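Notes for the one structure printed next.
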Amino acid sequence: YGNVVHFSQEEKSMEHMKNVKSVTVAALLVALAGTLKFLKIAITPTLEFSFAFLANASAGFLFGPFVAGTVGALSDLLGYVVRPTGPFFPGFTLNAIINGVVYGLILYRKPVSMQRVVIARLINTVLISFLLNPIWLSMMYGKALHLLVMTRLIKAAILFVPECILLYAVLKLVKRIASDSALLPQKSVS
């Protein structure tokens, strides 16, 4: 009552943009995601594996959906400017934003758990890998949509569990580092 103000998750996430330490860490995550995109493994011309999701998920965990979406967008644009691998297509930037927002909505201010990691990876895999990426690639290259989805199903079947395990381990490490550096409030993340 009275002077008590309740902020939504998005509003709390936007508040991080007023904190120099948070903005600095977010900028480092943009650079890290951009760097990790260069370490991608091209399986086919329209299918690749990248570790950039680790930086985007870390941004979502630390700063919430608004900052993580911003980190996703900026890292996608930075990656394209530094080393373009084809024509620019804004759909992939949209994917990067959605990716960060999903991680932020599921992981922000919550305990690190394998269940949350699996849910976040599953939503991003279905929404981006199985739905949006095939649509964008089909629009760009005229390839059959069902073939693009099938190759992603195979990739997901092989990589989903290792990606979840890797993401869980990285988030545990990020949580420990952030707690030690007072980046995270002590009582909100256990």
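Residues in the structure tokens are named by chain (A, B, ... in the order shown) and by number from 1 within that chain; ligands are numbered from 1 in the order shown.
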Which residues, written as a PyMOL selection string, have at least one atom at most 12 Å from stretch 38-42 of chain A, with only C-alpha atoms counted and residues fewer than 2 positions away on the same chain left out?
-> chain A and resi 31-36+44-53+75-76+78-80+82-85+155
Those same residues, written as a short mmCIF file (atom, residue, chain, number, x, y, z; two decimals), in the first residue's frame with N, CA and C atoms?
data_model
loop_
_atom_site.label_atom_id
_atom_site.label_comp_id
_atom_site.auth_asym_id
_atom_site.auth_seq_id
_atom_site.Cartn_x
_atom_site.Cartn_y
_atom_site.Cartn_z
N ALA A 31 30.00 -8.35 -26.73
CA ALA A 31 31.28 -8.69 -27.36
C ALA A 31 31.54 -10.20 -27.31
N LEU A 32 31.22 -10.82 -26.19
CA LEU A 32 31.41 -12.27 -26.06
C LEU A 32 30.51 -13.03 -27.04
N ALA A 33 29.25 -12.63 -27.13
CA ALA A 33 28.33 -13.29 -28.06
C ALA A 33 28.82 -13.11 -29.50
N GLY A 34 29.28 -11.91 -29.82
CA GLY A 34 29.82 -11.67 -31.17
C GLY A 34 31.03 -12.54 -31.45
N THR A 35 31.89 -12.67 -30.47
CA THR A 35 33.08 -13.53 -30.62
C THR A 35 32.69 -14.99 -30.75
N LEU A 36 31.75 -15.44 -29.92
CA LEU A 36 31.32 -16.84 -29.96
C LEU A 36 30.65 -17.19 -31.28
N THR A 44 25.98 -27.31 -42.74
CA THR A 44 25.61 -27.13 -44.15
C THR A 44 25.55 -25.62 -44.39
N PRO A 45 25.35 -25.17 -45.63
CA PRO A 45 25.25 -23.72 -45.85
C PRO A 45 24.08 -23.06 -45.10
N THR A 46 23.06 -23.82 -44.74
CA THR A 46 21.91 -23.25 -44.03
C THR A 46 21.76 -23.80 -42.61
N LEU A 47 22.78 -24.52 -42.12
CA LEU A 47 22.70 -25.09 -40.78
C LEU A 47 24.05 -24.97 -40.10
N GLU A 48 24.07 -24.35 -38.92
CA GLU A 48 25.31 -24.18 -38.18
C GLU A 48 25.06 -24.28 -36.69
N PHE A 49 26.15 -24.51 -35.95
CA PHE A 49 26.09 -24.56 -34.49
C PHE A 49 26.99 -23.46 -33.95
N SER A 50 26.47 -22.71 -32.98
CA SER A 50 27.22 -21.61 -32.39
C SER A 50 27.06 -21.66 -30.87
N PHE A 51 28.04 -21.12 -30.17
CA PHE A 51 27.99 -21.04 -28.71
C PHE A 51 27.47 -19.68 -28.24
N ALA A 52 27.03 -18.82 -29.15
CA ALA A 52 26.58 -17.47 -28.79
C ALA A 52 25.39 -17.49 -27.83
N PHE A 53 24.61 -18.57 -27.86
CA PHE A 53 23.45 -18.65 -26.96
C PHE A 53 23.86 -18.58 -25.50
N SER A 75 24.54 -7.93 -30.48
CA SER A 75 25.55 -8.93 -30.86
C SER A 75 25.31 -9.44 -32.27
N ASP A 76 24.04 -9.56 -32.68
CA ASP A 76 23.74 -9.97 -34.05
C ASP A 76 24.23 -8.92 -35.04
N LEU A 78 26.50 -6.55 -34.52
CA LEU A 78 27.96 -6.49 -34.45
C LEU A 78 28.59 -7.62 -35.26
N GLY A 79 28.07 -8.83 -35.10
CA GLY A 79 28.58 -9.96 -35.85
C GLY A 79 28.46 -9.76 -37.35
N TYR A 80 27.36 -9.17 -37.77
CA TYR A 80 27.18 -8.93 -39.21
C TYR A 80 28.13 -7.86 -39.71
N VAL A 82 31.08 -6.94 -38.42
CA VAL A 82 32.48 -7.38 -38.36
C VAL A 82 32.78 -8.43 -39.41
N ARG A 83 31.88 -9.40 -39.58
CA ARG A 83 32.12 -10.45 -40.56
C ARG A 83 30.80 -10.95 -41.14
N PRO A 84 30.31 -10.27 -42.16
CA PRO A 84 29.05 -10.71 -42.77
C PRO A 84 29.25 -12.05 -43.47
N THR A 85 28.29 -12.94 -43.30
CA THR A 85 28.37 -14.27 -43.93
C THR A 85 27.30 -14.46 -44.99
N LYS A 155 19.58 -31.81 -36.02
CA LYS A 155 20.55 -31.05 -35.21
C LYS A 155 20.10 -31.00 -33.75
#
Can you check which residues of stretch 24-84 of chain A DSSP gives as helix (DSSP H, G or I) on the backbone and send them as a PyMOL selection string?
-> chain A and resi 24-38+53-82
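The interatomic distance for the pair atom CA of A:Leu159 and atom CA of A:Leu62 works out to 24.6 Å.
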Could you tell me which of A:Pro134, A:Thr70, A:Lys12, A:Ser181 comes closest to A:Leu94 if we count only C-alpha atoms?
->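 Selected residue with least distance to A:Leu94: A:Thr70.
Using only C-alpha atoms, the shortest contact distance between A:Ile165 and any of A:Lys143, A:Arg152, A:Arg121, A:Arg109 is found at A:Arg121.
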A:Pro65 surroundings by only C-alpha atoms, 6 Å radius, close-in-sequence under 2 positions cut, as a ChimeraX atom specification | /A:60,67-69,101,104-105
Show which residues sit within 9 Å of A:Leu54, as JSON, numbers by chain. Count only C-alpha atoms, and ignore same-chain residues fewer than 5 positions away.
-> {"A": [33, 36, 59, 166, 167, 170, 171]}
What is the distance between atom CA of A:Glu163 and atom CA of A:Asn95, in Å to one decimal?
-> 18.0 Å
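Counting only C-alpha atoms, the residue from A:Val30, A:Leu74, A:Val81, A:Val112 that sits nearest to A:Cys164 is A:Val112.
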Between atom CA of A:Tyr168 and atom CA of A:Asn133, what is the distance, to one decimal in Å?
->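 Calculated distance between atom CA of A:Tyr168 and atom CA of A:Asn133 is 24.3 Å.
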Identify, on the basis of only C-alpha atoms, every residue whose closest approach to A:Val149 does not exceed 12 Å; exclude the query and any residue fewer than 4 positions from it along the same chain; express the result as a VMD selection string.
-> chain A and resid 46 to 47 125 to 138 143 to 145 153 to 156
Would you list, as a ChimeraX atom specification, the residues of stretch 6-155 of chain A that end up in strand (DSSP E) under DSSP run on this structure's backbone?
-> /A:41-44,47-49
Pick the closest to A:Ala57 from A:Met140, A:Leu77, A:Met17, A:Val102: which is it, counting only C-alpha atoms?
->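 Checking each of A:Met140, A:Leu77, A:Met17, A:Val102 against A:Ala57, counting only C-alpha atoms, the winner is A:Val102.
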Pick from A:Ile43, A:Phe88, A:Leu122, A:Ala26: nearest to A:Thr151, with only C-alpha atoms counted?
->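 Among the listed residues, the smallest separation from A:Thr151 belongs to A:Ile43.
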Shortest interatomic distance to A:Glu11 - which of A:Phe63, A:Gln115, A:Pro90, A:Ala55, counting only C-alpha atoms |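 That would be A:Phe63, the residue with the smallest distance to A:Glu11.
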